[in-house]
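Structure file protein_3.pdb; described as PDB, C-alpha atoms.
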ATOM      1  CA  MET S 102      71.791 126.607 137.190
ATOM      2  CA  ILE S 103      68.013 126.630 137.034
ATOM      3  CA  ASP S 104      66.747 124.489 134.161
ATOM      4  CA  GLU S 105      63.856 125.268 131.835
ATOM      5  CA  ARG S 106      61.687 122.529 133.349
ATOM      6  CA  GLU S 107      61.876 124.180 136.785
ATOM      7  CA  ILE S 108      60.998 127.563 135.305
ATOM      8  CA  ALA S 109      58.054 126.090 133.386
ATOM      9  CA  LEU S 110      56.704 124.365 136.512
ATOM     10  CA  ALA S 111      57.054 127.543 138.570
ATOM     11  CA  THR S 112      55.294 129.527 135.834
ATOM     12  CA  GLU S 113      52.435 127.049 135.409
ATOM     13  CA  HIS S 114      51.878 126.344 139.114
ATOM     14  CA  PRO S 115      53.495 129.202 141.043
ATOM     15  CA  ARG S 116      51.547 129.011 144.283
ATOM     16  CA  GLY S 117      51.595 125.255 144.689
ATOM     17  CA  THR S 118      55.259 125.024 143.736
ATOM     18  CA  GLU S 119      56.190 127.770 146.178
ATOM     19  CA  LEU S 120      54.277 126.061 148.969
ATOM     20  CA  ARG S 121      56.072 122.779 148.257
ATOM     21  CA  ARG S 122      59.500 124.437 148.011
ATOM     22  CA  LEU S 123      59.225 126.739 151.026
ATOM     23  CA  GLY S 124      56.708 124.855 153.163
ATOM     24  CA  PRO S 125      59.360 122.893 155.066
ATOM     25  CA  TYR S 126      61.086 126.204 155.858
ATOM     26  CA  ARG S 127      58.121 128.232 157.133
ATOM     27  CA  GLU S 128      59.855 129.303 160.318
ATOM     28  CA  ALA S 129      63.051 130.206 158.456
ATOM     29  CA  MET S 130      61.019 132.357 156.083
ATOM     30  CA  ARG S 131      59.607 134.286 159.052
ATOM     31  CA  ASP S 132      62.851 134.708 160.970
ATOM     32  CA  MET S 133      66.263 135.427 159.438
ATOM     33  CA  GLN S 134      68.053 134.040 162.497
ATOM     34  CA  VAL S 135      66.312 130.701 161.961
ATOM     35  CA  TYR S 136      67.217 130.883 158.260
ATOM     36  CA  ALA S 137      70.872 131.504 159.154
ATOM     37  CA  ARG S 138      70.957 128.417 161.384
ATOM     38  CA  LEU S 139      69.707 126.099 158.639
ATOM     39  CA  PRO S 140      72.237 123.702 157.131
ATOM     40  CA  GLU S 141      73.695 125.042 153.891
ATOM     41  CA  THR S 142      71.856 122.403 151.843
ATOM     42  CA  ASP S 143      68.515 123.668 153.165
ATOM     43  CA  ARG S 144      69.518 127.282 152.486
ATOM     44  CA  ASP S 145      70.514 126.153 148.976
ATOM     45  CA  ALA S 146      66.939 124.942 148.400
ATOM     46  CA  ILE S 147      65.554 128.340 149.420
ATOM     47  CA  VAL S 148      68.116 130.232 147.331
ATOM     48  CA  ARG S 149      67.298 128.038 144.336
ATOM     49  CA  TRP S 150      63.564 128.738 144.663
ATOM     50  CA  ALA S 151      64.160 132.484 145.068
ATOM     51  CA  GLU S 152      66.290 132.468 141.915
ATOM     52  CA  THR S 153      63.617 130.500 140.072
ATOM     53  CA  ARG S 154      61.040 133.104 141.105
ATOM     54  CA  ARG S 155      63.364 135.901 139.921
ATOM     55  CA  LEU S 156      63.656 134.242 136.517
ATOM     56  CA  VAL S 157      59.903 133.708 136.284
ATOM     57  CA  LYS S 158      59.254 137.367 137.100
ATOM     58  CA  GLU S 159      61.918 138.487 134.634
ATOM     59  CA  ARG S 160      60.420 136.379 131.832
ATOM     60  CA  THR S 161      56.701 136.650 132.519
ATOM     61  CA  GLY S 162      56.137 139.439 135.022
ATOM     62  CA  LEU S 163      54.515 136.941 137.420
ATOM     63  CA  ASP S 164      54.943 138.061 141.031
ATOM     64  CA  HIS S 165      52.939 138.629 144.194
ATOM     65  CA  ASP S 166      49.575 140.203 143.403
ATOM     66  CA  PRO S 167      48.605 142.582 146.242
ATOM     67  CA  LEU S 168      45.029 142.716 144.957
ATOM     68  CA  ASN S 169      44.621 138.948 145.354
ATOM     69  CA  LEU S 170      44.208 138.401 149.090
ATOM     70  CA  ALA S 171      44.356 134.614 148.620
ATOM     71  CA  ASP S 172      47.713 134.850 146.785
ATOM     72  CA  PRO S 173      50.371 133.271 149.018
ATOM     73  CA  LEU S 174      53.298 134.135 146.727
ATOM     74  CA  LEU S 175      55.954 136.146 148.496
ATOM     75  CA  PRO S 176      57.001 139.262 146.595
ATOM     76  CA  VAL S 177      60.202 138.399 144.699
ATOM     77  CA  ASP S 178      62.086 141.435 146.027
ATOM     78  CA  ARG S 179      61.135 140.662 149.626
ATOM     79  CA  LEU S 180      62.103 137.009 149.166
ATOM     80  CA  ARG S 181      65.485 138.050 147.738
ATOM     81  CA  ALA S 182      66.144 140.526 150.554
ATOM     82  CA  HIS S 183      65.288 137.877 153.160
ATOM     83  CA  VAL S 184      67.654 135.354 151.576
ATOM     84  CA  ILE S 185      70.496 137.867 151.327
ATOM     85  CA  GLU S 186      70.067 139.001 154.925
ATOM     86  CA  GLY S 187      69.890 135.404 156.153
ATOM     87  CA  GLU S 188      73.024 134.509 154.197
ATOM     88  CA  LYS S 189      74.828 137.526 155.659
ATOM     89  CA  ILE S 190      73.915 136.426 159.173
ATOM     90  CA  ALA S 191      75.016 132.843 158.447
ATOM     91  CA  ALA S 192      78.356 134.072 157.071
ATOM     92  CA  GLY S 193      78.886 136.597 159.859
ATOM     93  CA  ALA S 194      78.984 139.397 157.286
ATOM     94  CA  THR S 195      78.013 142.871 158.382
ATOM     95  CA  ALA S 196      77.692 144.385 154.933
ATOM     96  CA  PHE S 197      77.051 143.207 151.413
ATOM     97  CA  ASP S 198      75.890 145.235 148.424
ATOM     98  CA  ASP S 199      73.500 143.178 146.317
ATOM     99  CA  PRO S 200      74.685 143.445 142.709
ATOM    100  CA  GLY S 201      71.395 142.019 141.425
ATOM    101  CA  GLY S 202      71.152 139.161 138.970
ATOM    102  CA  ASP S 203      71.565 135.477 139.723
ATOM    103  CA  LEU S 204      70.828 134.907 143.412
ATOM    104  CA  ILE S 205      72.765 131.633 143.434
ATOM    105  CA  VAL S 206      75.887 133.573 142.465
ATOM    106  CA  VAL S 207      75.111 136.247 145.063
ATOM    107  CA  ALA S 208      74.663 133.658 147.834
ATOM    108  CA  ARG S 209      77.961 132.045 146.826
ATOM    109  CA  ALA S 210      79.693 135.434 147.080
ATOM    110  CA  ILE S 211      78.240 136.066 150.541
ATOM    111  CA  ARG S 212      79.339 132.617 151.641
ATOM    112  CA  GLY S 213      82.846 133.433 150.506
ATOM    113  CA  GLY S 214      82.895 131.320 147.367
ATOM    114  CA  SER S 215      81.409 128.121 148.744
ATOM    115  CA  ARG S 216      78.879 126.057 146.810
ATOM    116  CA  GLY S 217      75.725 128.071 146.039
TER     117      GLY S 217
END

Would you mind writing the structure in this file as C-alpha coordinates?
Amino acid sequence: MIDEREIALATEHPRGTELRRLGPYREAMRDMQVYARLPETDRDAIVRWAETRRLVKERTGLDHDPLNLADPLLPVDRLRAHVIEGEKIAAGATAFDDPGGDLIVVARAIRGGSRG
(Lines of atoms letter the chains of each structure in order from A and count residues from 1; the text may use other names and numbers.)
(Lines give C-alpha, C1' and ligand atoms only; values in the text may rest on other atoms or scores of the structure.)
Protein backbone atom coordinates (compact mmCIF):
# COMPACT_ATOMS: atom_id res chain seq x y z
CA MET A 1 0.00 0.00 0.00
CA ILE A 2 1.33 3.40 -0.98
CA ASP A 3 0.80 5.94 1.80
CA GLU A 4 -0.25 9.56 1.41
CA ARG A 5 3.19 10.83 2.45
CA GLU A 6 4.82 8.99 -0.47
CA ILE A 7 2.25 10.37 -2.90
CA ALA A 8 2.73 13.91 -1.58
CA LEU A 9 6.52 13.67 -1.92
CA ALA A 10 6.24 12.30 -5.45
CA THR A 11 3.81 15.09 -6.36
CA GLU A 12 5.92 17.88 -4.85
CA HIS A 13 9.30 16.63 -6.10
CA PRO A 14 8.60 14.22 -8.96
CA ARG A 15 11.90 14.41 -10.81
CA GLY A 16 14.18 14.28 -7.81
CA THR A 17 12.17 11.51 -6.17
CA GLU A 18 12.19 9.46 -9.36
CA LEU A 19 15.94 9.87 -9.71
CA ARG A 20 16.45 8.72 -6.12
CA ARG A 21 14.06 5.77 -6.47
CA LEU A 22 15.21 4.52 -9.88
CA GLY A 23 18.80 5.78 -9.95
CA PRO A 24 20.25 2.60 -8.44
CA TYR A 25 18.41 0.61 -11.13
CA ARG A 26 19.44 2.56 -14.24
CA GLU A 27 20.60 -0.50 -16.13
CA ALA A 28 17.48 -2.46 -15.17
CA MET A 29 15.33 0.39 -16.46
CA ARG A 30 17.09 0.17 -19.83
CA ASP A 31 17.05 -3.60 -20.18
CA MET A 32 14.20 -5.91 -19.16
CA GLN A 33 16.55 -8.89 -18.89
CA VAL A 34 18.59 -7.01 -16.30
CA TYR A 35 15.36 -6.06 -14.51
CA ALA A 36 14.29 -9.72 -14.45
CA ARG A 37 17.58 -10.76 -12.83
CA LEU A 38 17.23 -8.29 -9.96
CA PRO A 39 16.39 -9.74 -6.55
CA GLU A 40 12.67 -9.53 -5.80
CA THR A 41 13.25 -6.87 -3.13
CA ASP A 42 14.86 -4.59 -5.72
CA ARG A 43 12.04 -5.25 -8.19
CA ASP A 44 9.61 -4.44 -5.36
CA ALA A 45 11.21 -0.98 -5.05
CA ILE A 46 10.70 -0.34 -8.77
CA VAL A 47 7.13 -1.66 -8.71
CA ARG A 48 6.36 0.54 -5.71
CA TRP A 49 7.68 3.65 -7.47
CA ALA A 50 5.76 2.83 -10.66
CA GLU A 51 2.57 2.44 -8.63
CA THR A 52 3.26 5.72 -6.85
CA ARG A 53 3.65 7.43 -10.23
CA ARG A 54 0.37 5.86 -11.42
CA LEU A 55 -1.42 7.26 -8.37
CA VAL A 56 0.14 10.69 -8.84
CA LYS A 57 -0.94 10.78 -12.49
CA GLU A 58 -4.43 9.56 -11.58
CA ARG A 59 -4.83 12.27 -8.92
CA THR A 60 -3.02 15.21 -10.48
CA GLY A 61 -2.40 14.44 -14.14
CA LEU A 62 1.36 14.81 -13.57
CA ASP A 63 3.32 12.69 -16.05
CA HIS A 64 6.17 12.95 -18.53
CA ASP A 65 6.04 16.24 -20.42
CA PRO A 66 7.29 15.68 -23.99
CA LEU A 67 7.63 19.43 -24.50
CA ASN A 68 10.09 19.71 -21.60
CA LEU A 69 13.36 18.33 -22.96
CA ALA A 70 14.96 18.53 -19.50
CA ASP A 71 12.16 16.43 -17.94
CA PRO A 72 13.65 13.08 -16.90
CA LEU A 73 10.33 11.56 -15.79
CA LEU A 74 9.57 8.33 -17.57
CA PRO A 75 6.07 8.21 -19.05
CA VAL A 76 3.86 6.32 -16.58
CA ASP A 77 2.52 3.94 -19.24
CA ARG A 78 6.01 3.10 -20.50
CA LEU A 79 7.23 2.57 -16.93
CA ARG A 80 4.29 0.24 -16.23
CA ALA A 81 4.84 -1.74 -19.44
CA HIS A 82 8.54 -2.15 -18.62
CA VAL A 83 7.78 -3.41 -15.12
CA ILE A 84 5.15 -5.87 -16.35
CA GLU A 85 7.42 -7.22 -19.07
CA GLY A 86 10.33 -7.55 -16.64
CA GLU A 87 8.12 -9.35 -14.13
CA LYS A 88 6.92 -11.72 -16.86
CA ILE A 89 10.50 -12.55 -17.79
CA ALA A 90 11.44 -13.07 -14.12
CA ALA A 91 8.46 -15.40 -13.62
CA GLY A 92 9.01 -17.25 -16.89
CA ALA A 93 5.54 -16.20 -18.05
CA THR A 94 4.89 -15.97 -21.76
CA ALA A 95 1.61 -14.10 -21.55
CA PHE A 96 -0.16 -11.83 -19.12
CA ASP A 97 -3.04 -9.46 -19.78
CA ASP A 98 -2.61 -6.30 -17.73
CA PRO A 99 -5.93 -5.64 -15.98
CA GLY A 100 -4.86 -2.09 -15.09
CA GLY A 101 -5.09 -0.64 -11.61
CA ASP A 102 -2.73 -1.25 -8.73
CA LEU A 103 0.64 -2.33 -10.13
CA ILE A 104 1.65 -3.95 -6.84
CA VAL A 105 -1.32 -6.30 -7.19
CA VAL A 106 -0.49 -6.92 -10.85
CA ALA A 107 3.15 -7.76 -10.05
CA ARG A 108 1.97 -10.15 -7.33
CA ALA A 109 -0.31 -11.89 -9.84
CA ILE A 110 2.52 -12.26 -12.35
CA ARG A 111 4.76 -13.65 -9.64
CA GLY A 112 2.11 -16.23 -8.85
CA GLY A 113 0.86 -14.73 -5.61
CA SER A 114 4.17 -13.98 -3.94
CA ARG A 115 4.79 -10.78 -2.00
CA GLY A 116 4.36 -7.69 -4.21

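Within 12 Å of the point (57.0, 125.6, 135.2) in file coordinates, and counting only C-alpha atoms, lie the residues Ile103, Asp104, Glu105, Arg106, Glu107, Ile108, Ala109, Leu110, Ala111, Thr112, Glu113, His114, Pro115, Arg116, Gly117, Thr118, Glu119, Trp150, Thr153, Arg154, Leu156, Val157, Arg160, Thr161 and Leu163 of chain S.
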
Can you measure atom CA of Gly202 of chain S to atom CA of Glu152 of chain S for me? One decimal in Å is fine.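 For atom CA of Gly202 of chain S relative to atom CA of Glu152 of chain S, the distance reads 8.8 Å.
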
Please, what distance in Å, to one decimal, runs between atom CA of Leu139 of chain S and atom CA of Val206 of chain S? 18.9 Å

Distance of atom CA of Pro200 of chain S from atom CA of Pro173 of chain S, expressed in Å to one decimal place: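 Spanning atom CA of Pro173 of chain S to atom CA of Pro200 of chain S is a straight-line distance of 27.1 Å.
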
Which residues, named as in the file, does the PyMOL selection byres ((chain S and resi 205) around 7) pick out? Answer as a ChimeraX atom specification. /S:148-149,152,203-204,206-209,217

Can you spit out the residues from that selection as a tab-separated table (two decimals), in the frame of the given file, using C-alpha atoms?
chain	number	residue	atom	x	y	z
S	148	VAL	CA	68.12	130.23	147.33
S	149	ARG	CA	67.30	128.04	144.34
S	152	GLU	CA	66.29	132.47	141.92
S	203	ASP	CA	71.56	135.48	139.72
S	204	LEU	CA	70.83	134.91	143.41
S	206	VAL	CA	75.89	133.57	142.46
S	207	VAL	CA	75.11	136.25	145.06
S	208	ALA	CA	74.66	133.66	147.83
S	209	ARG	CA	77.96	132.04	146.83
S	217	GLY	CA	75.72	128.07	146.04

Centre and edge lengths, as JSON, for the axis-aligned box enclosing every listed atom of segment 179-197 of chain S with 3 Å of padding on each of the six sides, in Å to one decimal?
{"center_x": 70.1, "center_y": 138.6, "center_z": 153.8, "size_x": 23.8, "size_y": 17.5, "size_z": 18.1}

List, as number ranges by chain, every residue that the PyMOL selection byres ((chain S and resi 188) around 12) selects in the file provided. S: 129, 133-141, 143-145, 147-148, 181-187, 189-197, 199, 204-205, 207-213, 215, 217

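Remark: for Arg179 of chain S, the closest of the candidate residues S:Asp198, S:Asp166, S:Ala146, S:Ala151 is S:Ala151 (distances computed over all atoms listed in the file).
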